[in-house]
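Pasting model_13.txt here (compact mmCIF, C-alpha atoms):
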# COMPACT_ATOMS: atom_id res chain seq x y z
CA MET A 9 23.41 26.36 -107.42
CA ILE A 10 20.30 26.44 -109.63
CA ILE A 11 20.28 23.47 -112.02
CA ILE A 12 18.10 23.81 -115.13
CA GLY A 13 17.74 20.61 -117.14
CA GLU A 14 18.26 21.32 -120.84
CA LYS A 15 16.92 18.16 -122.47
CA LEU A 16 13.31 19.10 -123.37
CA ASN A 17 14.53 21.24 -126.24
CA GLY A 18 13.39 20.80 -129.81
CA PHE A 19 16.79 21.88 -131.15
CA ILE A 20 18.08 18.47 -129.98
CA PRO A 21 17.29 16.27 -133.03
CA SER A 22 15.77 13.32 -131.14
CA VAL A 23 13.65 15.67 -129.01
CA GLY A 24 12.59 17.72 -132.03
CA LYS A 25 11.40 14.52 -133.69
CA ALA A 26 9.48 13.52 -130.55
CA ILE A 27 7.82 16.95 -130.39
CA ARG A 28 6.79 16.81 -134.04
CA GLU A 29 5.37 13.31 -133.60
CA ARG A 30 3.81 14.15 -130.20
CA ASP A 31 5.67 11.22 -128.65
CA ASP A 32 4.40 11.67 -125.10
CA ALA A 33 6.20 8.65 -123.66
CA PHE A 34 9.64 9.74 -124.89
CA LEU A 35 9.23 13.29 -123.59
CA ARG A 36 7.73 12.25 -120.25
CA ASP A 37 10.66 9.90 -119.69
CA LEU A 38 13.10 12.78 -120.29
CA ALA A 39 11.24 14.92 -117.76
CA VAL A 40 11.24 12.18 -115.12
CA ARG A 41 14.90 11.27 -115.60
CA GLN A 42 16.01 14.89 -115.32
CA GLU A 43 14.06 15.30 -112.08
CA GLU A 44 15.60 12.11 -110.70
CA ALA A 45 19.06 13.37 -111.70
CA GLY A 46 18.65 16.47 -109.53
CA ALA A 47 17.35 19.25 -111.78
CA ASP A 48 15.66 22.17 -110.04
CA TYR A 49 13.84 23.35 -113.20
CA LEU A 50 13.10 21.83 -116.60
CA ASP A 51 13.80 24.00 -119.62
CA VAL A 52 11.11 23.52 -122.26
CA CYS A 53 11.70 24.84 -125.78
CA ALA A 54 9.51 23.86 -128.72
CA ALA A 55 11.84 25.02 -131.53
CA VAL A 56 9.11 24.81 -134.18
CA ASP A 57 7.79 27.16 -136.85
CA ALA A 58 6.52 30.49 -135.55
CA GLU A 59 2.90 29.90 -136.52
CA VAL A 60 2.62 26.80 -134.30
CA GLU A 61 5.11 27.69 -131.55
CA ALA A 62 2.64 29.00 -128.96
CA GLU A 63 0.37 25.96 -129.20
CA THR A 64 3.30 23.50 -129.26
CA LEU A 65 5.13 25.11 -126.35
CA LEU A 66 1.96 25.10 -124.25
CA TRP A 67 1.44 21.39 -125.02
CA LEU A 68 5.08 20.62 -124.13
CA ALA A 69 4.91 22.65 -120.91
CA GLN A 70 1.72 20.94 -119.76
CA LEU A 71 3.22 17.53 -120.55
CA ALA A 72 6.36 18.33 -118.54
CA GLU A 73 4.36 19.63 -115.58
CA ASP A 74 2.20 16.52 -115.60
CA ALA A 75 5.22 14.17 -115.75
CA SER A 76 7.31 16.00 -113.15
CA SER A 77 6.86 17.95 -109.92
CA LEU A 78 9.46 20.53 -111.01
CA PRO A 79 8.78 24.11 -112.08
CA LEU A 80 9.60 24.94 -115.68
CA CYS A 81 11.93 27.28 -117.50
CA ILE A 82 9.71 28.42 -120.39
CA ASP A 83 12.03 29.02 -123.34
CA SER A 84 11.28 31.06 -126.46
CA PRO A 85 12.86 34.04 -128.25
CA ASN A 86 9.35 35.40 -128.87
CA PRO A 87 7.96 37.41 -125.92
CA SER A 88 4.36 37.09 -127.13
CA VAL A 89 4.70 33.29 -127.12
CA LEU A 90 6.06 33.39 -123.58
CA ALA A 91 3.22 35.68 -122.50
CA SER A 92 0.65 33.26 -123.93
CA VAL A 93 2.06 30.22 -122.10
CA LEU A 94 2.89 31.55 -118.63
CA PRO A 95 -0.70 31.98 -117.38
CA HIS A 96 -1.37 28.28 -118.01
CA CYS A 97 1.55 26.96 -115.93
CA LYS A 98 0.73 25.30 -112.60
CA ARG A 99 3.89 26.48 -110.84
CA ALA A 100 5.92 29.67 -111.06
CA GLY A 101 9.24 28.97 -112.75
CA ILE A 102 11.67 30.87 -114.96
CA VAL A 103 11.01 32.89 -118.10
CA ASN A 104 13.71 32.34 -120.72
CA SER A 105 14.35 35.06 -121.78
CA VAL A 106 14.33 38.85 -122.02
CA SER A 107 16.96 41.36 -123.13
CA MET A 108 17.17 45.02 -124.08
CA GLU A 109 15.85 44.16 -127.54
CA ASN A 110 12.66 46.07 -128.35
CA GLY A 111 9.50 44.76 -126.73
CA LYS A 112 10.87 41.93 -124.62
CA ILE A 113 11.11 43.56 -121.21
CA GLU A 114 8.02 45.65 -121.88
CA THR A 115 6.03 42.47 -122.54
CA ILE A 116 7.41 40.16 -119.84
CA PHE A 117 8.21 42.33 -116.81
CA PRO A 118 4.63 43.60 -116.32
CA LEU A 119 3.39 40.03 -116.62
CA ILE A 120 5.65 38.68 -113.85
CA ALA A 121 5.87 41.80 -111.65
CA ASN A 122 3.54 40.55 -108.91
CA THR A 123 4.35 36.85 -109.18
CA ASP A 124 7.07 34.44 -108.05
CA TRP A 125 8.40 33.95 -111.58
CA LYS A 126 12.14 34.37 -112.12
CA VAL A 127 13.54 35.57 -115.44
CA ILE A 128 16.69 35.02 -117.47
CA ALA A 129 17.95 38.30 -118.95
CA LEU A 130 20.54 38.35 -121.72
CA THR A 131 23.12 41.12 -121.97
CA CYS A 132 22.26 42.05 -125.54
CA SER A 133 20.28 44.79 -127.27
CA ASN A 134 19.07 45.67 -130.74
CA SER A 135 22.75 46.25 -131.59
CA GLY A 136 23.68 42.69 -130.65
CA VAL A 137 26.07 41.39 -127.98
CA PRO A 138 28.85 43.82 -127.02
CA GLU A 139 32.33 42.38 -127.42
CA SER A 140 33.60 43.85 -124.17
CA ALA A 141 32.66 43.07 -120.59
CA GLU A 142 32.07 46.78 -120.07
CA GLY A 143 29.49 46.86 -122.83
CA ARG A 144 27.63 43.87 -121.44
CA LEU A 145 27.71 45.32 -117.93
CA ALA A 146 26.16 48.52 -119.26
CA ILE A 147 23.25 46.45 -120.56
CA PHE A 148 23.03 44.65 -117.21
CA GLU A 149 22.56 48.02 -115.53
CA GLN A 150 19.76 48.88 -117.97
CA ILE A 151 18.05 45.56 -117.18
CA ARG A 152 18.53 46.18 -113.48
CA THR A 153 16.95 49.63 -113.75
CA ALA A 154 14.00 48.27 -115.73
CA ALA A 155 13.46 45.49 -113.18
CA LYS A 156 13.30 48.05 -110.38
CA GLU A 157 10.81 50.17 -112.34
CA TYR A 158 8.52 47.18 -112.90
CA GLY A 159 8.89 45.80 -109.37
CA VAL A 160 10.87 42.69 -110.29
CA ALA A 161 13.20 42.00 -107.35
CA GLU A 162 16.88 41.50 -108.08
CA ASN A 163 16.87 38.01 -106.58
CA ARG A 164 14.47 36.98 -109.36
CA LEU A 165 16.93 38.01 -112.07
CA LEU A 166 19.22 35.42 -113.69
CA ILE A 167 21.66 37.43 -115.80
CA ASP A 168 23.25 35.67 -118.76
CA PRO A 169 26.39 37.57 -119.79
CA ILE A 170 26.41 35.40 -122.96
CA VAL A 171 29.33 33.17 -123.75
CA HIS A 172 30.56 33.14 -127.34
CA THR A 173 31.67 29.92 -129.01
CA LEU A 174 35.25 29.21 -127.98
CA SER A 175 36.27 28.19 -131.50
CA THR A 176 35.56 31.74 -132.73
CA ASP A 177 36.52 33.71 -129.60
CA GLU A 178 39.40 32.49 -127.44
CA GLN A 179 38.59 35.20 -124.86
CA SER A 180 35.04 33.94 -124.43
CA LEU A 181 35.52 32.60 -120.90
CA SER A 182 37.57 35.61 -119.78
CA THR A 183 34.85 38.04 -120.86
CA PHE A 184 32.10 35.94 -119.29
CA ALA A 185 34.05 35.61 -116.03
CA ALA A 186 34.73 39.34 -115.83
CA CYS A 187 31.01 40.03 -116.24
CA ALA A 188 30.03 37.38 -113.68
CA ARG A 189 32.38 38.73 -111.01
CA GLU A 190 31.21 42.31 -111.48
CA ILE A 191 27.51 41.43 -111.56
CA ARG A 192 27.80 39.51 -108.29
CA ALA A 193 29.80 42.38 -106.75
CA ARG A 194 27.22 44.99 -107.76
CA ALA A 195 24.07 42.98 -107.00
CA LYS A 196 24.77 40.19 -104.53
CA SER A 197 21.28 38.65 -104.71
CA THR A 198 21.20 38.57 -108.51
CA HIS A 199 22.04 35.23 -110.14
CA VAL A 200 24.42 34.61 -113.05
CA VAL A 201 23.43 31.89 -115.52
CA SER A 202 24.72 30.31 -118.71
CA GLY A 203 23.74 27.64 -121.18
CA LEU A 204 26.87 25.52 -120.76
CA SER A 205 26.90 23.86 -124.18
CA ASN A 206 27.02 27.16 -126.08
CA ILE A 207 30.77 27.52 -125.52
CA SER A 208 31.71 24.24 -127.21
CA PHE A 209 29.68 24.49 -130.43
CA GLY A 210 31.68 23.27 -133.43
CA LEU A 211 34.43 21.62 -131.36
CA PRO A 212 35.15 17.90 -130.96
CA ALA A 213 34.65 16.18 -127.59
CA ARG A 214 32.30 18.97 -126.54
CA SER A 215 31.66 17.61 -123.07
CA VAL A 216 35.31 18.18 -122.14
CA ILE A 217 34.98 21.90 -122.87
CA ASN A 218 31.58 22.06 -121.16
CA HIS A 219 32.94 20.45 -117.99
CA ALA A 220 35.90 22.82 -117.79
CA PHE A 221 33.68 25.83 -118.43
CA LEU A 222 31.30 24.81 -115.64
CA VAL A 223 34.08 24.72 -113.04
CA LEU A 224 35.75 27.97 -114.13
CA ALA A 225 32.45 29.84 -114.51
CA MET A 226 31.33 28.75 -111.04
CA GLN A 227 34.63 30.03 -109.63
CA ALA A 228 33.86 33.38 -111.28
CA GLY A 229 30.43 33.56 -109.63
CA MET A 230 28.01 31.72 -111.93
CA ASP A 231 25.36 30.15 -109.67
CA ALA A 232 22.85 28.82 -112.22
CA ALA A 233 23.27 26.68 -115.32
CA ILE A 234 21.20 25.30 -118.17
CA MET A 235 22.91 21.95 -118.52
CA ASP A 236 22.73 18.25 -119.33
CA VAL A 237 21.75 16.97 -115.90
CA LEU A 238 21.89 13.40 -117.24
CA ASP A 239 25.68 13.79 -117.60
CA ARG A 240 26.76 12.23 -114.29
CA GLU A 241 30.32 13.54 -114.55
CA MET A 242 29.01 17.07 -115.10
CA VAL A 243 26.70 16.83 -112.08
CA GLY A 244 29.54 15.42 -109.98
CA LEU A 245 31.80 18.32 -110.97
CA LEU A 246 29.06 20.79 -110.11
CA HIS A 247 28.58 19.43 -106.58
CA ALA A 248 32.32 19.06 -105.99
CA THR A 249 33.03 22.61 -107.18
CA ASN A 250 30.22 24.01 -105.06
CA ALA A 251 31.70 22.30 -102.00
CA LEU A 252 35.25 23.42 -102.79
CA LEU A 253 34.08 27.01 -103.16
CA GLY A 254 32.64 26.91 -99.66
CA GLU A 255 29.02 27.03 -100.83
CA ASP A 256 28.02 23.64 -99.39
CA GLU A 257 28.04 23.58 -95.58
CA TYR A 258 29.68 20.37 -94.30
CA CYS A 259 29.46 19.07 -97.91
CA MET A 260 25.89 17.98 -97.23
CA ASP A 261 24.62 18.59 -100.78
CA TYR A 262 27.56 16.61 -102.15
CA ILE A 263 26.98 13.76 -99.70
CA THR A 264 23.24 13.72 -100.41
CA ALA A 265 23.83 13.59 -104.17
CA PHE A 266 26.17 10.64 -103.65
CA ARG A 267 23.77 8.79 -101.35
CA GLU A 268 20.94 9.27 -103.85
CA GLY A 269 23.10 7.86 -106.63
CA ARG A 270 23.27 11.05 -108.68
CA ILE A 271 27.08 11.30 -108.60
CA GLY A 272 29.94 8.82 -108.35
CA PRO A 273 30.02 5.32 -109.87
CA LYS A 274 26.66 4.33 -111.28
CA LYS A 275 24.91 1.77 -109.12
CA ASP A 276 23.56 -1.40 -110.73

What does the file become when written as structure tokens?
Amino acid sequence: MIIIGEKLNGFIPSVGKAIRERDDAFLRDLAVRQEEAGADYLDVCAAVDAEVEAETLLWLAQLAEDASSLPLCIDSPNPSVLASVLPHCKRAGIVNSVSMENGKIETIFPLIANTDWKVIALTCSNSGVPESAEGRLAIFEQIRTAAKEYGVAENRLLIDPIVHTLSTDEQSLSTFAACAREIRARAKSTHVVSGLSNISFGLPARSVINHAFLVLAMQAGMDAAIMDVLDREMVGLLHATNALLGEDEYCMDYITAFREGRIGPKKD
């Protein structure tokens, strides 16, 4: 399971304030705590005005790399901003994200073709997100074809079938799960990813929904998540589910997480 820590994101009010004020200490602490909690990558998203995004995202990425030994998930909807930041990163990480919207794949895939960078690819196009699983899978196939043309191996693709907010689409999980199962069946080395908190937007007690979604999505084949790695219950559920699904030989990852104090009762 690929764990991407979500906390260095300017859309989170306290983090947005820290980014605007260039509060290095606050942001470094978030990077360190996410690494200690077991993240594999740190998502970094500036969430600032377009005219200052490239400079701010580069500053945030360099701060995170300096504070942590983890590779980054460089997050922006603007492919030109992503392209400007990637060459300055110390370690190959994940590009977040591309889709079949005009210009995104054409900008990013040539840039990462001969590197170790992975990439999150959303199943949407200029027409938006298809309502049906079949429509999203058709976009997945277009992404898959483009990756092959540019020399981006399938094991470097993290496909996000996109989960709609549950409060507006009660079939959100069912559609996501259908996509996840089919993607893993068609391309066994390709990863399936989601931003877990997207499903609970607008609902009370959001963590309850997020926790349930994590377990059910993993059962459907999701093997990567952008998540709150500081949520100990969430991390515990992730390791337990991975073990129960037979993806953790002799439960060693689960046992290691417990021994390191990342799951179970918090040690004083």

Cut-off 12 Å: closest stretch 103-185 of chain A/stretch 204-226 of chain A atom pairs per residue, using all atoms listed in the file, as JSON lines:
{"residue": "A:Asp168", "atom": "CA", "partner": "A:Leu204", "partner_atom": "CA", "distance": 11.0}
{"residue": "A:Pro169", "atom": "CA", "partner": "A:Ala225", "partner_atom": "CA", "distance": 11.2}
{"residue": "A:Ile170", "atom": "CA", "partner": "A:Asn206", "partner_atom": "CA", "distance": 8.8}
{"residue": "A:Val171", "atom": "CA", "partner": "A:Ile207", "partner_atom": "CA", "distance": 6.1}
{"residue": "A:His172", "atom": "CA", "partner": "A:Ile207", "partner_atom": "CA", "distance": 5.9}
{"residue": "A:Thr173", "atom": "CA", "partner": "A:Ile207", "partner_atom": "CA", "distance": 4.3}
{"residue": "A:Leu174", "atom": "CA", "partner": "A:Ile207", "partner_atom": "CA", "distance": 5.4}
{"residue": "A:Ser175", "atom": "CA", "partner": "A:Leu211", "partner_atom": "CA", "distance": 6.8}
{"residue": "A:Thr176", "atom": "CA", "partner": "A:Gly210", "partner_atom": "CA", "distance": 9.3}
{"residue": "A:Asp177", "atom": "CA", "partner": "A:Ile207", "partner_atom": "CA", "distance": 9.4}
{"residue": "A:Glu178", "atom": "CA", "partner": "A:Ile207", "partner_atom": "CA", "distance": 10.1}
{"residue": "A:Gln179", "atom": "CA", "partner": "A:Ile207", "partner_atom": "CA", "distance": 11.0}
{"residue": "A:Ser180", "atom": "CA", "partner": "A:Ile207", "partner_atom": "CA", "distance": 7.8}
{"residue": "A:Leu181", "atom": "CA", "partner": "A:Phe221", "partner_atom": "CA", "distance": 7.4}
{"residue": "A:Ser182", "atom": "CA", "partner": "A:Ala225", "partner_atom": "CA", "distance": 9.3}
{"residue": "A:Thr183", "atom": "CA", "partner": "A:Ala225", "partner_atom": "CA", "distance": 10.6}
{"residue": "A:Phe184", "atom": "CA", "partner": "A:Ala225", "partner_atom": "CA", "distance": 7.8}
{"residue": "A:Ala185", "atom": "CA", "partner": "A:Ala225", "partner_atom": "CA", "distance": 6.2}

Distance query A:Ile113 at most 10 Å, all atoms listed in the file, self and fewer than 6 positions along chain excluded, as a PDB file with C-alpha atoms, in the coordinates of the input:
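Okay, part00.pdb is ready:
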ATOM      1  CA  PRO A  87       7.960  37.410-125.920  1.00  0.00           C
ATOM      2  CA  SER A 105      14.350  35.060-121.780  1.00  0.00           C
ATOM      3  CA  VAL A 106      14.330  38.850-122.020  1.00  0.00           C
ATOM      4  CA  SER A 107      16.960  41.360-123.130  1.00  0.00           C
ATOM      5  CA  LEU A 119       3.390  40.030-116.620  1.00  0.00           C
ATOM      6  CA  ALA A 129      17.950  38.300-118.950  1.00  0.00           C
ATOM      7  CA  ILE A 151      18.050  45.560-117.180  1.00  0.00           C
ATOM      8  CA  ALA A 154      14.000  48.270-115.730  1.00  0.00           C
ATOM      9  CA  ALA A 155      13.460  45.490-113.180  1.00  0.00           C
ATOM     10  CA  TYR A 158       8.520  47.180-112.900  1.00  0.00           C
TER      11      TYR A 158
END

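Restricting the calculation to only C-alpha atoms, the smallest distance between A:Glu43 and any of A:Ser76, A:Asn110, A:Thr64, A:Asn163 is found for A:Ser76.
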
- Could you check how far atom CA of A:Trp125 sits from atom CA of A:Val103, in Å to one decimal?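 About the pair atom CA of A:Trp125 and atom CA of A:Val103: they are 7.1 Å apart.
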
- Nearest to A:Phe34, restricted to only C-alpha atoms and choosing among A:Ala58, A:Val243, A:Val52, A:Leu71, comes out as A:Leu71

- Point-to-point distance in Å for atom CA of A:Val127 and atom CA of A:Ile20: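 Those two atoms sit 22.9 Å apart.
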
- Query: So which one's closest to A:Arg164, A:Ile120, A:Ala26, A:Ala33, A:Ile12? Using all atoms listed in the file, please.
  - Reply: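 Closest residue, counting all atoms listed in the file: A:Ile120.
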
- Task: Write out as a PyMOL selection string which residues come within 6 Å of stretch 198-202 of chain A when counting all atoms listed in the file, dropping same-chain ones fewer than 5 positions away.
- Result: chain A and resi 162-163+165-168+230-233

- For each of A:Ser135, A:Asp74, A:Gly159, A:Asp83, take the minimum atom-to-atom distance to A:Thr123, counting all atoms listed in the file, then give the residue where this is smallest.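 Of A:Ser135, A:Asp74, A:Gly159, A:Asp83, the one nearest A:Thr123, counting all atoms listed in the file, is A:Gly159.
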
- Message: Report, in Å to a single decimal, how far apart atom CA of A:Val89 and atom CA of A:Glu61 are.
- Response: 7.2 Å

- Message: With distances taken over all atoms listed in the file, which residue among A:Ala228, A:Ile11, A:Ala69, A:Ala186 lies nearest A:Arg99?
- Response: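 Closest to A:Arg99 of all the choices is A:Ala69.
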
- Item | Exercise: A:Leu38 partners within 12 Å, only C-alpha atoms, chain neighbours under 3 positions left out, as a PyMOL selection string | chain A and resi 13-17+22-23+26+31-35+41-45+47+50-52+68+71-72+75-76+236-238

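You can rank A:Val160, A:Met9, A:Ala265, A:Ile234 by their closest distance to A:Asn104 using all atoms listed in the file, and at the top of that list sits A:Ile234.
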
- Message: Could you list, as a ChimeraX atom specification, every residue within 10 Å of A:Glu190, counting only C-alpha atoms and ignoring same-chain residues fewer than 5 positions away?
- Response: /A:141-142,145,185,195-196,228-229

- A:Arg28: which residues within 10 Å, counting all atoms listed in the file, same-chain residues fewer than 6 positions away excluded, as a PyMOL selection string? chain A and resi 18+54-56+64

Since the input lacks some atoms of stretch 248-270 of chain A, please model N, CA and C atoms and print them as a JSON list (two decimals), in the coordinates of the input.
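Dumped everything to selection-v9.json:
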[["chain", "number", "residue", "atom", "x", "y", "z"],
["A", 248, "ALA", "N", 30.97, 18.98, -106.55],
["A", 248, "ALA", "CA", 32.32, 19.06, -105.99],
["A", 248, "ALA", "C", 32.82, 20.51, -105.99],
["A", 249, "THR", "N", 32.60, 21.21, -107.09],
["A", 249, "THR", "CA", 33.03, 22.61, -107.18],
["A", 249, "THR", "C", 32.30, 23.47, -106.18],
["A", 250, "ASN", "N", 31.00, 23.25, -106.04],
["A", 250, "ASN", "CA", 30.22, 24.01, -105.06],
["A", 250, "ASN", "C", 30.77, 23.82, -103.65],
["A", 251, "ALA", "N", 31.13, 22.59, -103.32],
["A", 251, "ALA", "CA", 31.70, 22.30, -102.00],
["A", 251, "ALA", "C", 33.07, 22.96, -101.84],
["A", 252, "LEU", "N", 33.91, 22.85, -102.86],
["A", 252, "LEU", "CA", 35.25, 23.42, -102.79],
["A", 252, "LEU", "C", 35.24, 24.94, -102.69],
["A", 253, "LEU", "N", 34.20, 25.56, -103.22],
["A", 253, "LEU", "CA", 34.08, 27.01, -103.16],
["A", 253, "LEU", "C", 33.47, 27.49, -101.84],
["A", 254, "GLY", "N", 33.18, 26.54, -100.95],
["A", 254, "GLY", "CA", 32.64, 26.91, -99.66],
["A", 254, "GLY", "C", 31.16, 27.23, -99.68],
["A", 255, "GLU", "N", 30.45, 26.74, -100.69],
["A", 255, "GLU", "CA", 29.02, 27.03, -100.83],
["A", 255, "GLU", "C", 28.15, 25.86, -100.39],
["A", 256, "ASP", "N", 28.75, 24.84, -99.78],
["A", 256, "ASP", "CA", 28.02, 23.64, -99.39],
["A", 256, "ASP", "C", 28.43, 23.27, -97.97],
["A", 257, "GLU", "N", 27.67, 23.75, -96.98],
["A", 257, "GLU", "CA", 28.04, 23.58, -95.58],
["A", 257, "GLU", "C", 28.18, 22.10, -95.23],
["A", 258, "TYR", "N", 29.36, 21.74, -94.68],
["A", 258, "TYR", "CA", 29.68, 20.37, -94.30],
["A", 258, "TYR", "C", 29.54, 19.38, -95.46],
["A", 259, "CYS", "N", 29.56, 19.91, -96.70],
["A", 259, "CYS", "CA", 29.46, 19.07, -97.91],
["A", 259, "CYS", "C", 28.16, 18.26, -97.96],
["A", 260, "MET", "N", 27.11, 18.76, -97.32],
["A", 260, "MET", "CA", 25.89, 17.98, -97.23],
["A", 260, "MET", "C", 25.21, 17.76, -98.57],
["A", 261, "ASP", "N", 25.22, 18.78, -99.45],
["A", 261, "ASP", "CA", 24.62, 18.59, -100.78],
["A", 261, "ASP", "C", 25.40, 17.53, -101.56],
["A", 262, "TYR", "N", 26.72, 17.59, -101.47],
["A", 262, "TYR", "CA", 27.56, 16.61, -102.15],
["A", 262, "TYR", "C", 27.28, 15.20, -101.63],
["A", 263, "ILE", "N", 27.22, 15.07, -100.31],
["A", 263, "ILE", "CA", 26.98, 13.76, -99.70],
["A", 263, "ILE", "C", 25.59, 13.23, -100.06],
["A", 264, "THR", "N", 24.60, 14.13, -100.05],
["A", 264, "THR", "CA", 23.24, 13.72, -100.41],
["A", 264, "THR", "C", 23.16, 13.25, -101.85],
["A", 265, "ALA", "N", 23.82, 13.99, -102.75],
["A", 265, "ALA", "CA", 23.83, 13.59, -104.17],
["A", 265, "ALA", "C", 24.47, 12.22, -104.35],
["A", 266, "PHE", "N", 25.52, 11.95, -103.57],
["A", 266, "PHE", "CA", 26.17, 10.64, -103.65],
["A", 266, "PHE", "C", 25.25, 9.55, -103.12],
["A", 267, "ARG", "N", 24.64, 9.80, -101.95],
["A", 267, "ARG", "CA", 23.77, 8.79, -101.35],
["A", 267, "ARG", "C", 22.58, 8.47, -102.23],
["A", 268, "GLU", "N", 22.10, 9.49, -102.98],
["A", 268, "GLU", "CA", 20.94, 9.27, -103.85],
["A", 268, "GLU", "C", 21.34, 8.72, -105.21],
["A", 269, "GLY", "N", 22.64, 8.48, -105.40],
["A", 269, "GLY", "CA", 23.10, 7.86, -106.63],
["A", 269, "GLY", "C", 23.19, 8.78, -107.82],
["A", 270, "ARG", "N", 23.22, 10.10, -107.58],
["A", 270, "ARG", "CA", 23.27, 11.05, -108.68],
["A", 270, "ARG", "C", 24.69, 11.38, -109.11]]
